[in-house]
Structures are given as C-alpha cells and as structure tokens.
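Student: Structure in structure tokens, see below.
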Amino acid sequence: MCAIEIEPGIRTQRLRLRRPRRADAARIAEYCNDFDVAKMTSQIPHPYGIADAHAFIDRQDYKDPAREVTFAIEHPEEGFMGILGFFGNAEGRSEIGYWLGRPHWGKGYATEAADRALVWASREWGRRYVVAGHACDNPASGEVLCKVGFLYTGEVKLLASAARKGETPVRMMVWLA
Ligand SMILES: CC(C)(COP(=O)(O)OP(=O)(O)OC[C@H]1O[C@@H](n2cnc3c(N)ncnc32)[C@H](O)[C@@H]1OP(=O)(O)O)[C@@H](O)C(=O)NCCC(=O)NCCS
C-alpha cells in the first residue's frame, strides 16, 4: 500500500472533495434510494437504505488507496451532494465513477468535480490515463465525460447494474493525462 493523502482534500471553485464520513450516511441513503441515480451505476442496489450507506462508508477503511480512492462531494452551503471515486476495474484499469443527489443536478457540479479530480489523479496519484463508462441511456454523464476531456473508444460493453437487476449497454471512454 502507498500513502495517498486525500485530506484536507481537493478544492474546486465551488466544491470540496474529501473523505466520506459517517455523518454523510443519511444523505447517501436518501440520494441513492432514487432509482434514477442507482440505475446509472453498476454497484448501487435498489432499494437502498441507511444500513447500505453505513456499510459503504465502513468499506472505505479497507480499500487499498493505491488502487481505489473515494471522495465525498461537498458544497459549503448545500453540504454533502454526492460521491466521486476512482477504482480498479476488472481489467486492472483506473476507472472513474460518480453520482450526485437529484437536487444538485444540472448546475455543473459533476463536471467541476470530475475535472479537478482528474488533475489530482494525474498529478498526485500518478495516473497517465483513466477509463470511464456510461450507460447508453445516460446522455448527461456522457456530456460530463466529454466536457472533462474523455473520448469514446467505440467499445460498448454489456455490464451488470445492481439496481436494474441485469445488464445494460455501457459506452466506454478514455482520458489521457
Ligand atoms: C450524471 C450526473 C452526475 C450529472 O451531474 P450534473 O452535475 O447534473 O452534470 P453537469 O451539470 O456538470 O453536466 C451535465 C450535462 O449534461 C447535459 N444533459 C443533462 N441531461 C441531458 C440529456 N438528457 N441529454 C443530453 N444532455 C444532457 C446538461 O445540459 C449538461 O451539459 P451542459 O453543461 O453542456 O449544458 C447526475 O445526473 C447523476 O448523478 N446522475 C445519476 C448517477 C449517474 O448517472 N452517474 C454517472 C454514471 S456513469
């Protein structure tokens, strides 16, 4: 394991990205229990409750920070808004994933968080490239990824989605530092 320092965290123009904490659990449960959030992710089940949120936060302590880093996205007035993370995918690549609670959509926050997190990943975490995938029925995430510099690889994978209880086609993308 290598020492990865994510405190005091990443600052963007309007946001702070910091380590998730137990006080985030209620908001995580509220936001993730929205099927329109969960269905766009691979891992979030539906329905999603407070025990799921606590388990998610507890799991962070056991992750290898050389492979996997998770940030809570926080706004100074709005508080906790969502999650952005990098994880090692099945092919051993660093992949980005994120979600925001529905009240915070459409204000440019995902783009702002992802843009700065990628700078962090290249400068502080030593990543030369990062992969991403968005469900074919998720054009908003495709816009976010294009805006922060991802390019489509042309590959479409059928990947499992816990909330959909099945597979969904996912458009794969790559970002080069
Ligand atoms: C996807 C998500 C993170 C976007 O967050 P956000 O803060 O609203 O994103 P931004 O405001 O930074 O950018 C969204 C862009 O998508 C565009 N957009 C939104 N809905 C769209 C749609 N149906 N079709 C095309 N573009 C769309 C917006 O216009 C915006 O682009 P613009 O700034 O050029 O106008 C958020 O909707 C979310 O959490 N969804 C559920 C979970 C999820 O999809 N996670 C990603 C999995 S790959």
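Every chain in the structure tokens has a letter given in the order shown (A, B, ...), and although residue numbers restart at 1 in each chain, ligands are simply numbered from 1 in the order shown.
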Could you give me the residues within region 39-88 of chain A that DSSP places in helix (DSSP H, G or I), as a PyMOL selection string?

Tutor: chain A and resi 50-60

Student: Just to be explicit: take each residue in the selection above, keep N, CA, C and O atoms, and write the result as a compact mmCIF listing (two decimals), in the first residue's frame.

Tutor:
# COMPACT_ATOMS: atom_id res chain seq x y z
N ILE A 50 -30.27 3.01 4.94
CA ILE A 50 -29.22 3.59 5.79
C ILE A 50 -28.13 2.55 6.11
O ILE A 50 -26.95 2.89 6.20
N ALA A 51 -28.52 1.28 6.24
CA ALA A 51 -27.51 0.23 6.52
C ALA A 51 -26.55 0.10 5.34
O ALA A 51 -25.35 -0.12 5.52
N ASP A 52 -27.09 0.25 4.12
CA ASP A 52 -26.23 0.20 2.93
C ASP A 52 -25.24 1.36 2.96
O ASP A 52 -24.07 1.21 2.60
N ALA A 53 -25.72 2.52 3.38
CA ALA A 53 -24.85 3.70 3.41
C ALA A 53 -23.75 3.52 4.45
O ALA A 53 -22.58 3.84 4.19
N HIS A 54 -24.11 3.01 5.63
CA HIS A 54 -23.08 2.78 6.66
C HIS A 54 -22.06 1.76 6.17
O HIS A 54 -20.86 1.93 6.38
N ALA A 55 -22.54 0.71 5.51
CA ALA A 55 -21.61 -0.33 5.01
C ALA A 55 -20.67 0.28 3.96
O ALA A 55 -19.47 -0.02 3.94
N PHE A 56 -21.21 1.13 3.10
CA PHE A 56 -20.39 1.80 2.08
C PHE A 56 -19.28 2.63 2.75
O PHE A 56 -18.11 2.57 2.36
N ILE A 57 -19.65 3.39 3.77
CA ILE A 57 -18.66 4.26 4.44
C ILE A 57 -17.62 3.39 5.16
O ILE A 57 -16.41 3.65 5.07
N ASP A 58 -18.08 2.35 5.84
CA ASP A 58 -17.15 1.48 6.56
C ASP A 58 -16.15 0.81 5.60
O ASP A 58 -15.00 0.60 5.95
N ARG A 59 -16.63 0.45 4.41
CA ARG A 59 -15.75 -0.22 3.44
C ARG A 59 -14.57 0.65 3.02
O ARG A 59 -13.53 0.13 2.62
N GLN A 60 -14.73 1.96 3.13
CA GLN A 60 -13.65 2.86 2.68
C GLN A 60 -12.35 2.59 3.44
O GLN A 60 -11.27 2.74 2.90

Student: List the neighbours of region 79-84 of chain A out to 7 Å using only C-alpha atoms; skip same-chain residues closer than 3 positions along the sequence, and give me the result as a ChimeraX atom specification.

Tutor: /A:24,70-76,97-101,104

Student: Kindly save the residues from that selection, with all heavy atoms included, as a compact mmCIF listing (two decimals), in the first residue's frame.

Tutor:
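What follows is the written file part-v5.txt:
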# COMPACT_ATOMS: atom_id res chain seq x y z
N ASP A 24 -22.25 11.44 6.71
CA ASP A 24 -22.81 11.53 5.34
C ASP A 24 -23.89 10.46 5.10
O ASP A 24 -24.58 10.50 4.07
CB ASP A 24 -21.71 11.32 4.29
CG ASP A 24 -20.60 12.34 4.36
OD1 ASP A 24 -20.88 13.50 4.70
OD2 ASP A 24 -19.44 11.97 4.06
N THR A 70 -11.98 7.25 -2.82
CA THR A 70 -13.36 7.74 -2.88
C THR A 70 -13.45 9.10 -2.21
O THR A 70 -12.93 9.30 -1.11
CB THR A 70 -14.30 6.77 -2.13
OG1 THR A 70 -14.15 5.46 -2.69
CG2 THR A 70 -15.75 7.19 -2.26
N PHE A 71 -14.12 10.03 -2.88
CA PHE A 71 -14.31 11.37 -2.35
C PHE A 71 -15.80 11.65 -2.16
O PHE A 71 -16.61 11.32 -3.04
CB PHE A 71 -13.80 12.43 -3.33
CG PHE A 71 -12.33 12.38 -3.60
CD1 PHE A 71 -11.84 11.79 -4.76
CD2 PHE A 71 -11.42 12.95 -2.73
CE1 PHE A 71 -10.48 11.75 -5.03
CE2 PHE A 71 -10.06 12.93 -2.99
CZ PHE A 71 -9.58 12.32 -4.14
N ALA A 72 -16.13 12.30 -1.04
CA ALA A 72 -17.45 12.91 -0.90
C ALA A 72 -17.37 14.27 -1.57
O ALA A 72 -16.37 14.98 -1.44
CB ALA A 72 -17.79 13.06 0.58
N ILE A 73 -18.43 14.63 -2.29
CA ILE A 73 -18.50 15.95 -2.93
C ILE A 73 -19.34 16.83 -2.01
O ILE A 73 -20.50 16.51 -1.72
CB ILE A 73 -19.15 15.85 -4.33
CG1 ILE A 73 -18.38 14.87 -5.22
CG2 ILE A 73 -19.24 17.24 -4.97
CD1 ILE A 73 -19.09 14.56 -6.55
N GLU A 74 -18.74 17.93 -1.56
CA GLU A 74 -19.40 18.78 -0.56
C GLU A 74 -19.43 20.23 -1.05
O GLU A 74 -18.45 20.71 -1.62
CB GLU A 74 -18.61 18.69 0.74
CG GLU A 74 -19.22 19.44 1.89
CD GLU A 74 -18.36 19.27 3.15
OE1 GLU A 74 -17.26 19.86 3.19
OE2 GLU A 74 -18.78 18.54 4.05
N HIS A 75 -20.54 20.89 -0.77
CA HIS A 75 -20.70 22.31 -1.09
C HIS A 75 -20.77 23.07 0.23
O HIS A 75 -21.40 22.59 1.17
CB HIS A 75 -22.00 22.48 -1.90
CG HIS A 75 -22.23 23.87 -2.38
ND1 HIS A 75 -22.75 24.86 -1.59
CD2 HIS A 75 -22.01 24.41 -3.61
CE1 HIS A 75 -22.84 25.98 -2.31
NE2 HIS A 75 -22.39 25.73 -3.54
N PRO A 76 -20.16 24.25 0.31
CA PRO A 76 -20.12 24.95 1.60
C PRO A 76 -21.50 25.23 2.19
O PRO A 76 -21.68 25.20 3.42
CB PRO A 76 -19.37 26.25 1.32
CG PRO A 76 -19.10 26.30 -0.14
CD PRO A 76 -19.36 24.93 -0.72
N GLY A 97 -15.95 6.96 -11.39
CA GLY A 97 -17.40 6.84 -11.25
C GLY A 97 -17.88 7.97 -10.34
O GLY A 97 -17.11 8.47 -9.52
N TYR A 98 -19.13 8.35 -10.48
CA TYR A 98 -19.65 9.44 -9.65
C TYR A 98 -21.17 9.43 -9.68
O TYR A 98 -21.80 8.87 -10.59
CB TYR A 98 -19.14 10.82 -10.16
CG TYR A 98 -19.26 10.97 -11.66
CD1 TYR A 98 -20.47 11.27 -12.25
CD2 TYR A 98 -18.16 10.73 -12.49
CE1 TYR A 98 -20.59 11.36 -13.62
CE2 TYR A 98 -18.28 10.81 -13.86
CZ TYR A 98 -19.50 11.13 -14.42
OH TYR A 98 -19.63 11.20 -15.78
N TRP A 99 -21.76 10.04 -8.67
CA TRP A 99 -23.19 10.33 -8.69
C TRP A 99 -23.44 11.54 -7.81
O TRP A 99 -22.69 11.81 -6.87
CB TRP A 99 -24.05 9.14 -8.23
CG TRP A 99 -23.73 8.65 -6.84
CD1 TRP A 99 -22.93 7.60 -6.50
CD2 TRP A 99 -24.21 9.21 -5.60
NE1 TRP A 99 -22.87 7.47 -5.13
CE2 TRP A 99 -23.64 8.45 -4.56
CE3 TRP A 99 -25.05 10.27 -5.27
CZ2 TRP A 99 -23.90 8.72 -3.21
CZ3 TRP A 99 -25.30 10.54 -3.93
CH2 TRP A 99 -24.74 9.77 -2.92
N LEU A 100 -24.50 12.27 -8.14
CA LEU A 100 -24.94 13.39 -7.32
C LEU A 100 -26.40 13.18 -6.95
O LEU A 100 -27.16 12.62 -7.75
CB LEU A 100 -24.87 14.70 -8.11
CG LEU A 100 -23.53 15.30 -8.43
CD1 LEU A 100 -23.73 16.56 -9.27
CD2 LEU A 100 -22.76 15.66 -7.16
N GLY A 101 -26.80 13.64 -5.77
CA GLY A 101 -28.21 13.61 -5.41
C GLY A 101 -29.01 14.47 -6.38
O GLY A 101 -28.53 15.51 -6.85
N HIS A 104 -29.16 18.31 -6.86
CA HIS A 104 -27.95 19.03 -7.27
C HIS A 104 -27.62 18.85 -8.74
O HIS A 104 -26.56 19.29 -9.20
CB HIS A 104 -26.78 18.56 -6.39
CG HIS A 104 -27.11 18.59 -4.94
ND1 HIS A 104 -27.39 19.77 -4.27
CD2 HIS A 104 -27.29 17.60 -4.03
CE1 HIS A 104 -27.70 19.48 -3.02
NE2 HIS A 104 -27.65 18.17 -2.84

Student: So which one's closest to Met173 (chain A), A:Ile96, A:Leu118, A:Leu17, A:Leu159? Using only C-alpha atoms, please.

Tutor: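 Closest candidate: A:Ile96.
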
Student: Return as a PDB file with N, CA, C and O atoms, in the first residue's frame the residues of protein, DNA or RNA that approach ligand 1 to within 6 Å, with only C-alpha atoms and all ligand atoms taken into account.

Tutor:
ATOM      1  N   VAL A  37     -30.841   7.543  -9.871  1.00  0.00           N
ATOM      2  CA  VAL A  37     -29.407   7.589  -9.537  1.00  0.00           C
ATOM      3  C   VAL A  37     -28.844   6.171  -9.624  1.00  0.00           C
ATOM      4  O   VAL A  37     -27.889   5.896 -10.340  1.00  0.00           O
ATOM      5  N   MET A  40     -28.044   4.163 -12.948  1.00  0.00           N
ATOM      6  CA  MET A  40     -26.933   4.603 -13.798  1.00  0.00           C
ATOM      7  C   MET A  40     -25.576   4.131 -13.272  1.00  0.00           C
ATOM      8  O   MET A  40     -24.543   4.406 -13.874  1.00  0.00           O
ATOM      9  N   THR A  41     -25.580   3.450 -12.140  1.00  0.00           N
ATOM     10  CA  THR A  41     -24.337   2.946 -11.551  1.00  0.00           C
ATOM     11  C   THR A  41     -24.322   1.425 -11.640  1.00  0.00           C
ATOM     12  O   THR A  41     -25.363   0.789 -11.820  1.00  0.00           O
ATOM     13  N   GLY A  97     -15.949   6.956 -11.390  1.00  0.00           N
ATOM     14  CA  GLY A  97     -17.400   6.836 -11.247  1.00  0.00           C
ATOM     15  C   GLY A  97     -17.879   7.965 -10.339  1.00  0.00           C
ATOM     16  O   GLY A  97     -17.108   8.475  -9.520  1.00  0.00           O
ATOM     17  N   TYR A  98     -19.132   8.348 -10.482  1.00  0.00           N
ATOM     18  CA  TYR A  98     -19.653   9.445  -9.652  1.00  0.00           C
ATOM     19  C   TYR A  98     -21.171   9.431  -9.682  1.00  0.00           C
ATOM     20  O   TYR A  98     -21.798   8.871 -10.589  1.00  0.00           O
ATOM     21  N   TRP A  99     -21.758  10.044  -8.672  1.00  0.00           N
ATOM     22  CA  TRP A  99     -23.192  10.333  -8.692  1.00  0.00           C
ATOM     23  C   TRP A  99     -23.444  11.544  -7.813  1.00  0.00           C
ATOM     24  O   TRP A  99     -22.689  11.813  -6.874  1.00  0.00           O
ATOM     25  N   LEU A 100     -24.502  12.266  -8.143  1.00  0.00           N
ATOM     26  CA  LEU A 100     -24.942  13.394  -7.318  1.00  0.00           C
ATOM     27  C   LEU A 100     -26.401  13.177  -6.949  1.00  0.00           C
ATOM     28  O   LEU A 100     -27.164  12.616  -7.754  1.00  0.00           O
ATOM     29  N   TRP A 105     -28.499  18.227  -9.492  1.00  0.00           N
ATOM     30  CA  TRP A 105     -28.242  18.023 -10.921  1.00  0.00           C
ATOM     31  C   TRP A 105     -28.404  19.342 -11.679  1.00  0.00           C
ATOM     32  O   TRP A 105     -29.148  20.239 -11.260  1.00  0.00           O
ATOM     33  N   GLY A 106     -27.735  19.408 -12.813  1.00  0.00           N
ATOM     34  CA  GLY A 106     -27.969  20.500 -13.766  1.00  0.00           C
ATOM     35  C   GLY A 106     -27.321  21.822 -13.404  1.00  0.00           C
ATOM     36  O   GLY A 106     -27.690  22.855 -13.946  1.00  0.00           O
ATOM     37  N   LYS A 107     -26.354  21.784 -12.498  1.00  0.00           N
ATOM     38  CA  LYS A 107     -25.688  23.035 -12.093  1.00  0.00           C
ATOM     39  C   LYS A 107     -24.185  22.992 -12.363  1.00  0.00           C
ATOM     40  O   LYS A 107     -23.426  23.793 -11.821  1.00  0.00           O
ATOM     41  N   GLY A 108     -23.766  22.005 -13.133  1.00  0.00           N
ATOM     42  CA  GLY A 108     -22.353  21.927 -13.493  1.00  0.00           C
ATOM     43  C   GLY A 108     -21.456  21.325 -12.428  1.00  0.00           C
ATOM     44  O   GLY A 108     -20.228  21.297 -12.582  1.00  0.00           O
ATOM     45  N   TYR A 109     -22.048  20.803 -11.346  1.00  0.00           N
ATOM     46  CA  TYR A 109     -21.209  20.311 -10.242  1.00  0.00           C
ATOM     47  C   TYR A 109     -20.424  19.048 -10.619  1.00  0.00           C
ATOM     48  O   TYR A 109     -19.265  18.903 -10.232  1.00  0.00           O
ATOM     49  N   ALA A 110     -21.051  18.120 -11.354  1.00  0.00           N
ATOM     50  CA  ALA A 110     -20.326  16.882 -11.696  1.00  0.00           C
ATOM     51  C   ALA A 110     -19.128  17.207 -12.578  1.00  0.00           C
ATOM     52  O   ALA A 110     -18.032  16.658 -12.387  1.00  0.00           O
ATOM     53  N   THR A 111     -19.323  18.099 -13.533  1.00  0.00           N
ATOM     54  CA  THR A 111     -18.213  18.478 -14.412  1.00  0.00           C
ATOM     55  C   THR A 111     -17.096  19.126 -13.607  1.00  0.00           C
ATOM     56  O   THR A 111     -15.909  18.801 -13.786  1.00  0.00           O
ATOM     57  N   GLY A 133     -17.177   4.677 -18.162  1.00  0.00           N
ATOM     58  CA  GLY A 133     -18.233   4.107 -18.990  1.00  0.00           C
ATOM     59  C   GLY A 133     -19.550   4.695 -18.537  1.00  0.00           C
ATOM     60  O   GLY A 133     -19.760   4.887 -17.347  1.00  0.00           O
ATOM     61  N   HIS A 134     -20.405   5.026 -19.494  1.00  0.00           N
ATOM     62  CA  HIS A 134     -21.738   5.485 -19.102  1.00  0.00           C
ATOM     63  C   HIS A 134     -22.786   4.678 -19.847  1.00  0.00           C
ATOM     64  O   HIS A 134     -22.595   4.306 -21.015  1.00  0.00           O
ATOM     65  N   PRO A 139     -27.257  10.142 -21.306  1.00  0.00           N
ATOM     66  CA  PRO A 139     -26.519  11.160 -22.064  1.00  0.00           C
ATOM     67  C   PRO A 139     -25.908  12.243 -21.177  1.00  0.00           C
ATOM     68  O   PRO A 139     -24.882  12.821 -21.541  1.00  0.00           O
ATOM     69  N   ALA A 140     -26.518  12.522 -20.017  1.00  0.00           N
ATOM     70  CA  ALA A 140     -25.970  13.574 -19.144  1.00  0.00           C
ATOM     71  C   ALA A 140     -24.549  13.214 -18.701  1.00  0.00           C
ATOM     72  O   ALA A 140     -23.640  14.059 -18.716  1.00  0.00           O
ATOM     73  N   SER A 141     -24.335  11.955 -18.338  1.00  0.00           N
ATOM     74  CA  SER A 141     -22.991  11.555 -17.921  1.00  0.00           C
ATOM     75  C   SER A 141     -22.032  11.581 -19.107  1.00  0.00           C
ATOM     76  O   SER A 141     -20.858  11.943 -18.959  1.00  0.00           O
ATOM     77  N   GLU A 143     -22.152  13.715 -21.459  1.00  0.00           N
ATOM     78  CA  GLU A 143     -21.786  15.136 -21.600  1.00  0.00           C
ATOM     79  C   GLU A 143     -20.708  15.517 -20.598  1.00  0.00           C
ATOM     80  O   GLU A 143     -19.745  16.210 -20.922  1.00  0.00           O
ATOM     81  N   VAL A 144     -20.884  15.075 -19.351  1.00  0.00           N
ATOM     82  CA  VAL A 144     -19.895  15.379 -18.310  1.00  0.00           C
ATOM     83  C   VAL A 144     -18.522  14.866 -18.741  1.00  0.00           C
ATOM     84  O   VAL A 144     -17.516  15.586 -18.705  1.00  0.00           O
TER      85      VAL A 144
END

Student: Env of Pro169 (chain A): 6 Å cut, atoms = only C-alpha atoms, seq-sep filter 3 positions within chain, self excluded. Answer as a list in words.

Tutor: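 These residues fall inside the cut-off: Ala135, Cys136, Lys157 and Leu158 of chain A.
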
Student: Mind checking DSSP for chain A and telling me the strand (DSSP E) residues as a ChimeraX atom specification?

Tutor: /A:10-11,16-18,69-75,79-88,94-100,129-135,151-161,166-176

Student: Taking 6 positions as the minimum chain separation for residues in the same chain, which residues sit within 12 Å of Val119 (chain A) when counting only C-alpha atoms? Answer as an NGL selection string.

Tutor: :A and (10-12 or 112-113 or 125-130 or 148-149 or 175-177)

Student: Got a sec: who's within 12 Å of Asp34 (chain A), counting only C-alpha atoms, leaving out chain neighbours fewer than 4 positions off, as an MDAnalysis selection string?

Tutor: chainID A and resid 27:30 38:41 44:49 99:103 163

Student: Have a look at CA of Arg16 (chain A) and CA of Ala117 (chain A) and let me know their distance in Å, one decimal.

Tutor: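 Here the two named atoms are 10.4 Å from each other.
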